[in-house]
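Undergrad: My file is my_file-v2.tsv. It has TSV, C-alpha atoms:
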chain	number	residue	atom	x	y	z
A	11	MET	CA	-1.94	-24.21	-57.28
A	12	ASP	CA	-1.61	-26.65	-60.20
A	13	ILE	CA	-2.00	-30.32	-59.28
A	14	VAL	CA	1.28	-31.10	-61.06
A	15	ILE	CA	3.13	-28.55	-58.94
A	16	GLN	CA	1.52	-29.89	-55.78
A	17	SER	CA	2.48	-33.43	-56.68
A	18	LYS	CA	6.05	-32.39	-57.45
A	19	LEU	CA	6.38	-30.56	-54.15
A	20	LEU	CA	5.04	-33.57	-52.28
A	21	MET	CA	7.54	-35.88	-53.97
A	22	LEU	CA	10.37	-33.45	-53.32
A	23	LYS	CA	9.38	-33.30	-49.67
A	24	LEU	CA	9.17	-37.06	-49.19
A	25	GLY	CA	11.99	-38.16	-51.45
A	26	ALA	CA	12.78	-41.76	-52.48
A	27	ALA	CA	13.86	-42.92	-49.03
A	28	PRO	CA	10.31	-43.78	-47.77
A	29	VAL	CA	9.78	-45.98	-50.83
A	30	MET	CA	13.00	-47.86	-50.12
A	31	TRP	CA	12.10	-48.36	-46.46
A	32	PHE	CA	8.66	-49.55	-47.54
A	33	LEU	CA	10.25	-52.11	-49.86
A	34	ILE	CA	12.58	-53.29	-47.10
A	35	GLY	CA	9.59	-53.78	-44.81
A	36	LEU	CA	7.79	-55.77	-47.51
A	37	SER	CA	10.91	-57.86	-47.95
A	38	LEU	CA	10.95	-58.76	-44.25
A	39	VAL	CA	7.27	-59.75	-44.40
A	40	SER	CA	7.93	-61.80	-47.53
A	41	ILE	CA	10.84	-63.68	-45.95
A	42	THR	CA	8.72	-64.41	-42.87
A	43	ILE	CA	5.92	-65.85	-45.00
A	44	ILE	CA	8.34	-67.90	-47.10
A	45	VAL	CA	9.92	-69.46	-44.02
A	46	GLU	CA	6.53	-70.14	-42.40
A	47	ARG	CA	5.08	-71.73	-45.56
A	48	ALA	CA	8.21	-73.80	-46.15
A	49	TRP	CA	7.99	-75.16	-42.60
A	50	PHE	CA	4.27	-75.84	-43.01
A	51	PHE	CA	4.71	-77.85	-46.20
A	52	PHE	CA	7.61	-79.74	-44.64
A	53	SER	CA	5.49	-80.57	-41.58
A	54	ILE	CA	2.72	-82.14	-43.69
A	55	SER	CA	5.01	-84.01	-46.05
A	56	GLY	CA	5.29	-87.79	-45.96
A	57	ASP	CA	5.84	-90.91	-48.03
A	58	PHE	CA	2.81	-90.80	-50.30
A	59	GLU	CA	3.57	-94.06	-52.10
A	60	LEU	CA	3.79	-95.93	-48.79
A	61	LEU	CA	0.55	-94.34	-47.60
A	62	ALA	CA	-1.28	-95.29	-50.81
A	63	ARG	CA	0.08	-98.83	-50.70
A	64	ASP	CA	-0.88	-99.43	-47.06
A	65	LEU	CA	-4.33	-97.91	-47.56
A	66	ALA	CA	-5.04	-100.04	-50.62
A	67	ARG	CA	-3.87	-103.18	-48.80
A	68	HIS	CA	-6.14	-102.63	-45.81
A	69	LEU	CA	-9.10	-101.82	-48.06
A	70	ARG	CA	-8.57	-104.96	-50.12
A	71	GLU	CA	-8.67	-106.93	-46.88
A	72	ASP	CA	-11.83	-105.06	-45.77
A	73	ASP	CA	-9.87	-103.89	-42.74
A	74	LEU	CA	-11.45	-100.47	-42.27
A	75	HIS	CA	-10.03	-100.15	-38.77
A	76	GLY	CA	-6.53	-100.72	-40.09
A	77	ALA	CA	-7.11	-98.27	-42.96
A	78	ARG	CA	-8.28	-95.65	-40.49
A	79	GLY	CA	-5.19	-96.21	-38.38
A	80	VAL	CA	-2.94	-95.71	-41.40
A	81	LEU	CA	-4.66	-92.42	-42.21
A	82	LEU	CA	-4.54	-91.21	-38.61
A	83	ALA	CA	-0.82	-91.97	-38.42
A	84	SER	CA	-0.11	-89.78	-41.45
A	85	ARG	CA	0.35	-86.03	-41.06
A	86	SER	CA	-0.37	-85.27	-44.72
A	87	SER	CA	-3.31	-83.31	-46.07
A	88	GLU	CA	-4.15	-86.21	-48.38
A	89	ALA	CA	-4.72	-88.50	-45.41
A	90	GLY	CA	-7.00	-85.95	-43.73
A	91	VAL	CA	-9.23	-85.74	-46.78
A	92	VAL	CA	-9.55	-89.51	-47.25
A	93	LEU	CA	-10.15	-89.98	-43.53
A	94	ALA	CA	-13.18	-87.70	-43.79
A	95	GLY	CA	-14.55	-89.93	-46.56
A	96	LEU	CA	-13.80	-93.13	-44.67
A	97	ASP	CA	-15.64	-91.89	-41.60
A	98	GLU	CA	-18.75	-91.31	-43.74
A	99	GLY	CA	-18.35	-94.48	-45.79
A	100	ALA	CA	-20.99	-96.36	-43.80
A	101	ARG	CA	-23.59	-93.86	-45.04
A	102	GLY	CA	-22.88	-94.62	-48.68
A	103	VAL	CA	-20.61	-93.68	-51.55
A	104	ASN	CA	-22.23	-90.29	-52.14
A	105	ALA	CA	-21.88	-89.33	-48.48
A	106	ALA	CA	-18.19	-90.25	-48.56
A	107	ARG	CA	-17.68	-88.29	-51.77
A	108	GLU	CA	-19.35	-85.17	-50.35
A	109	ALA	CA	-17.38	-85.46	-47.12
A	110	MET	CA	-14.12	-85.58	-49.04
A	111	ALA	CA	-15.18	-82.63	-51.19
A	112	GLY	CA	-15.74	-80.58	-48.04
A	113	ALA	CA	-12.42	-81.71	-46.58
A	114	VAL	CA	-10.65	-80.75	-49.81
A	115	ALA	CA	-12.06	-77.21	-49.54
A	116	VAL	CA	-10.79	-76.93	-45.95
A	117	GLN	CA	-7.36	-78.27	-46.82
A	118	ARG	CA	-7.07	-76.01	-49.86
A	119	THR	CA	-7.65	-73.00	-47.63
A	120	ARG	CA	-4.81	-74.15	-45.38
A	121	LEU	CA	-2.49	-74.78	-48.31
A	122	ASP	CA	-3.15	-71.45	-50.06
A	123	ARG	CA	-2.88	-69.34	-46.93
A	124	ARG	CA	-0.69	-66.24	-47.45
A	125	LEU	CA	0.39	-67.34	-50.93
A	126	GLY	CA	-1.69	-64.55	-52.44
A	127	PHE	CA	0.52	-62.00	-50.68
A	128	LEU	CA	3.65	-63.51	-52.24
A	129	GLY	CA	2.09	-63.46	-55.69
A	130	THR	CA	0.95	-59.85	-55.33
A	131	LEU	CA	4.30	-58.75	-53.95
A	132	GLY	CA	6.20	-60.48	-56.73
A	133	ASN	CA	4.09	-58.75	-59.37
A	134	ASN	CA	4.10	-55.25	-57.86
A	135	ALA	CA	7.40	-54.78	-56.00
A	136	PRO	CA	9.27	-53.79	-59.20
A	137	PHE	CA	6.67	-51.09	-59.86
A	138	VAL	CA	7.07	-49.76	-56.33
A	139	GLY	CA	10.82	-49.62	-56.90
A	140	LEU	CA	10.26	-47.87	-60.22
A	141	PHE	CA	8.13	-45.30	-58.43
A	142	GLY	CA	11.03	-44.61	-56.07
A	143	THR	CA	13.35	-44.24	-59.05
A	144	VAL	CA	11.01	-41.73	-60.70
A	145	VAL	CA	10.89	-39.71	-57.49
A	146	GLY	CA	14.68	-39.75	-57.33
A	147	ILE	CA	15.00	-38.55	-60.92
A	148	ILE	CA	12.57	-35.71	-60.20
A	149	LEU	CA	14.78	-34.69	-57.27
A	150	ALA	CA	17.86	-34.84	-59.50
A	151	PHE	CA	16.41	-32.57	-62.16
A	152	GLU	CA	15.07	-30.20	-59.52
A	153	GLU	CA	18.59	-29.90	-58.16
A	154	LEU	CA	19.90	-29.32	-61.66
A	155	SER	CA	17.40	-26.49	-62.22
A	156	HIS	CA	18.68	-24.70	-59.14
A	157	VAL	CA	22.46	-25.00	-59.57
A	158	GLY	CA	22.69	-24.60	-63.36
A	159	ALA	CA	24.34	-26.73	-66.04
A	160	THR	CA	27.89	-26.72	-64.68
A	161	SER	CA	30.23	-29.69	-64.56
A	162	ALA	CA	29.82	-30.02	-60.80
A	163	ALA	CA	26.06	-29.85	-61.11
A	164	THR	CA	26.08	-32.57	-63.77
A	165	THR	CA	28.11	-34.81	-61.48
A	166	ALA	CA	25.67	-34.22	-58.62
A	167	VAL	CA	22.73	-35.00	-60.88
A	168	MET	CA	24.34	-38.25	-62.05
A	169	ASP	CA	24.99	-39.22	-58.45
A	170	SER	CA	21.34	-38.54	-57.59
A	171	ILE	CA	20.11	-40.63	-60.53
A	172	ALA	CA	22.42	-43.48	-59.53
A	173	GLU	CA	20.97	-43.37	-56.02
A	174	ALA	CA	17.46	-43.30	-57.46
A	175	LEU	CA	18.10	-46.49	-59.41
A	176	VAL	CA	18.77	-48.24	-56.12
A	177	ALA	CA	15.01	-48.23	-55.52
A	178	THR	CA	14.46	-50.27	-58.69
A	179	ALA	CA	17.18	-52.68	-57.67
A	180	ILE	CA	15.60	-53.14	-54.24
A	181	GLY	CA	12.22	-53.72	-55.87
A	182	LEU	CA	13.68	-56.50	-58.01
A	183	LEU	CA	15.45	-58.03	-55.03
A	184	VAL	CA	12.13	-58.14	-53.18
A	185	ALA	CA	10.15	-59.49	-56.15
A	186	ILE	CA	12.42	-62.29	-57.36
A	187	PRO	CA	12.41	-64.42	-54.16
A	188	ALA	CA	8.67	-63.83	-53.71
A	189	VAL	CA	7.89	-65.03	-57.25
A	190	ALA	CA	10.20	-68.03	-56.95
A	191	ALA	CA	8.68	-69.08	-53.62
A	192	TYR	CA	5.14	-68.53	-54.88
A	193	ASN	CA	5.71	-70.76	-57.92
A	194	ALA	CA	7.36	-73.45	-55.80
A	195	PHE	CA	4.52	-73.48	-53.28
A	196	GLN	CA	1.91	-73.56	-56.06
A	197	ARG	CA	3.60	-76.64	-57.55
A	198	LYS	CA	3.49	-78.23	-54.10
A	199	VAL	CA	-0.22	-77.46	-53.77
A	200	ARG	CA	-0.96	-78.96	-57.19
A	201	GLY	CA	0.98	-82.09	-56.27
A	202	ILE	CA	-0.97	-82.49	-53.02
A	203	ALA	CA	-4.23	-82.02	-54.93
A	204	ALA	CA	-3.27	-84.75	-57.41
A	205	ASN	CA	-2.28	-87.14	-54.61
A	206	THR	CA	-5.53	-86.43	-52.78
A	207	ASP	CA	-7.53	-87.20	-55.90
A	208	ALA	CA	-5.68	-90.51	-56.33
A	209	LEU	CA	-6.28	-91.61	-52.73
A	210	SER	CA	-9.92	-90.55	-52.91
A	211	HIS	CA	-10.47	-92.79	-55.92
A	212	VAL	CA	-8.92	-95.73	-54.05
A	213	LEU	CA	-11.45	-95.29	-51.23
A	214	LEU	CA	-14.41	-94.69	-53.56
A	215	MET	CA	-13.55	-97.78	-55.59
A	216	HIS	CA	-13.63	-99.88	-52.41
A	217	LEU	CA	-16.92	-98.37	-51.25
A	218	GLU	CA	-18.58	-98.84	-54.63
A	219	ALA	CA	-17.39	-102.44	-54.85
A	220	ASN	CA	-18.84	-103.21	-51.44
A	221	ALA	CA	-22.04	-101.20	-51.78
A	222	PRO	CA	-25.22	-103.33	-51.49
A	223	SER	CA	-27.05	-103.90	-54.76
A	224	ALA	CA	-30.28	-102.02	-55.25
A	225	PRO	CA	-33.36	-104.25	-54.84
A	226	VAL	CA	-35.23	-105.15	-58.03
A	227	PHE	CA	-39.01	-104.92	-57.81
A	228	ARG	CA	-41.28	-106.87	-60.15
A	229	LEU	CA	-44.75	-105.70	-61.03
A	230	GLU	CA	-46.91	-108.71	-61.88
A	231	ASP	CA	-50.56	-109.23	-62.63
A	232	ALA	CA	-52.72	-112.02	-61.26
A	233	ALA	CA	-51.40	-114.45	-63.90
A	234	GLY	CA	-47.79	-113.75	-62.93
A	235	HIS	CA	-46.89	-111.74	-66.04
A	236	ASP	CA	-44.41	-108.87	-65.70
A	237	LEU	CA	-46.46	-105.73	-66.34
A	238	ARG	CA	-43.36	-103.78	-67.47
A	239	VAL	CA	-42.88	-106.23	-70.34
A	240	PHE	CA	-46.42	-105.60	-71.58
A	241	ALA	CA	-45.95	-101.85	-71.25
A	242	LEU	CA	-42.74	-101.91	-73.33
A	243	ALA	CA	-44.41	-104.09	-75.98
A	244	ARG	CA	-47.33	-101.68	-76.25
A	245	GLU	CA	-44.96	-98.70	-76.54
A	246	GLY	CA	-43.04	-100.47	-79.31
A	247	ALA	CA	-46.26	-101.18	-81.20
Could you render the structure from this file as structure tokens?
TA:
Amino acid sequence: MDIVIQSKLLMLKLGAAPVMWFLIGLSLVSITIIVERAWFFFSISGDFELLARDLARHLREDDLHGARGVLLASRSSEAGVVLAGLDEGARGVNAAREAMAGAVAVQRTRLDRRLGFLGTLGNNAPFVGLFGTVVGIILAFEELSHVGATSAATTAVMDSIAEALVATAIGLLVAIPAVAAYNAFQRKVRGIAANTDALSHVLLMHLEANAPSAPVFRLEDAAGHDLRVFALAREGA
């Protein structure tokens, strides 16, 4: 049997209803993720300006214990990243920077969790709905081929096409909230990343300002002359 005929028979057997139920299931999953992500971002929100001000004040006073307390008291992702750098600050600026880079990667995974599903759903739900509409139109024309081109048959076909368009409407209803939520959460993630970068620079500036100076070694001969000076003079000649 021709593959086209087989495909048509399969679509006629299934109909557009499974596509609609599939979209409704995706909608329920999408709403669940939106609510969970909204609660998550609310739970880690805080007064960033107050946090930055208190942190800078304690660092200016060299009160690392107080700075650590401010970070521990905050529930924000920004505070968690800077706290990782502060804990490694005694090992040097580079150690603090690497610790914060690792903490940023961990926090980014938490922030982006399940957002990919919303983005994918928002992009593809209309196409799933369109597939249901195409199946419904195939059913309508199949019905028309059996009953003939009478007035009653035309009315039945129009009713079938109208029902088929419901699948496209459901696809759009699923996609629009998913896209809106995805964009809103992405803006929130970008804002958290910018705030984290700002706080990280505050800590790194303090660590660099208080880092011990590198020792300067002098190479001298028996007469007390700096050997590097002679070497540079010879290279210039």
Undergrad: In Å, rounded to a single decimal, give me how far CA of Thr165 (chain A) is from CA of Glu152 (chain A).
TA: 14.0 Å
Undergrad: Write out as an MDAnalysis selection string each polymer residue whose atoms come within 8 Å of region 67-80 of chain A, counting all atoms listed in the file; drop sequence neighbours fewer than 2 positions from it.
TA: chainID A and resid 61 63:65 82:84 93 96 213 216
Undergrad: When you count all atoms listed in the file, which of these residues is closest to Leu183 (chain A): A:Ala203, A:Ile15, A:Val138, A:Ala109?
TA: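 Ranking A:Ala203, A:Ile15, A:Val138, A:Ala109 by distance to Leu183 (chain A), first place goes to A:Val138.
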Undergrad: Residues within 6 Å of region 25-37 of chain A, please, as JSON, numbers by chain. Count all atoms listed in the file; anything in the same chain fewer than 3 positions from it doesn't count.
TA: {"A": [21, 22, 40, 142, 145, 146, 177, 184]}
Undergrad: Taking into account only C-alpha atoms, which residue in the set A:Gln16, A:Ser170, A:Ala179, A:Phe137 is nearest to Glu153 (chain A)?
TA: A:Ser170
Undergrad: Taking into account all atoms listed in the file, which residue in the set A:Leu81, A:Ile148, A:Ile202, A:Pro187 is nearest to Lys23 (chain A)?
TA: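 Under the stated criterion, the closest residue is A:Ile148.
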Undergrad: Given only C-alpha atoms, how would the per-residue table for region 46-75 of chain A near region 121-135 of chain A read, listing every residue at most 12 Å away with its closest atom pair and distance in Å to one decimal, sorted by chain and number, as a Markdown table?
TA:
| residue | atom | partner | partner_atom | distance |
| --- | --- | --- | --- | --- |
| A:Glu46 | CA | A:Arg124 | CA | 9.6 |
| A:Arg47 | CA | A:Arg124 | CA | 8.2 |
| A:Ala48 | CA | A:Leu121 | CA | 11.0 |
| A:Trp49 | CA | A:Leu121 | CA | 11.9 |
| A:Phe50 | CA | A:Leu121 | CA | 8.7 |
| A:Phe51 | CA | A:Leu121 | CA | 8.1 |
| A:Phe52 | CA | A:Leu121 | CA | 11.8 |
| A:Ser53 | CA | A:Leu121 | CA | 11.9 |
| A:Ile54 | CA | A:Leu121 | CA | 10.1 |
Undergrad: What does the distance from CA of Ala191 (chain A) to CA of Ile41 (chain A) come to in Å, to one decimal?
TA: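 Straight-line distance from CA of Ala191 (chain A) to CA of Ile41 (chain A) works out to 9.6 Å.
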Undergrad: Quick one: of A:Arg107, A:Thr42, A:Glu98, A:Gly112, who's nearest to Val212 (chain A), counting only C-alpha atoms?
TA: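 Between A:Arg107, A:Thr42, A:Glu98, A:Gly112, the residue approaching Val212 (chain A) most closely is A:Arg107.
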Undergrad: Report as a ChimeraX atom specification all protein, DNA and RNA residues lying within 10 Å of Asn220 (chain A), evaluated on all atoms listed in the file, omitting residues in the same chain fewer than 3 positions from it.
TA: /A:72,102-103,214-217,223
Undergrad: Go ahead and save the residues from that selection, with C-alpha atoms, as a PDB file, in the frame of the given file.
TA:
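As written to disk, again_8.pdb reads:
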ATOM      1  CA  ASP A  72     -11.830-105.060 -45.770  1.00  0.00           C
ATOM      2  CA  GLY A 102     -22.880 -94.620 -48.680  1.00  0.00           C
ATOM      3  CA  VAL A 103     -20.610 -93.680 -51.550  1.00  0.00           C
ATOM      4  CA  LEU A 214     -14.410 -94.690 -53.560  1.00  0.00           C
ATOM      5  CA  MET A 215     -13.550 -97.780 -55.590  1.00  0.00           C
ATOM      6  CA  HIS A 216     -13.630 -99.880 -52.410  1.00  0.00           C
ATOM      7  CA  LEU A 217     -16.920 -98.370 -51.250  1.00  0.00           C
ATOM      8  CA  SER A 223     -27.050-103.900 -54.760  1.00  0.00           C
TER       9      SER A 223
END
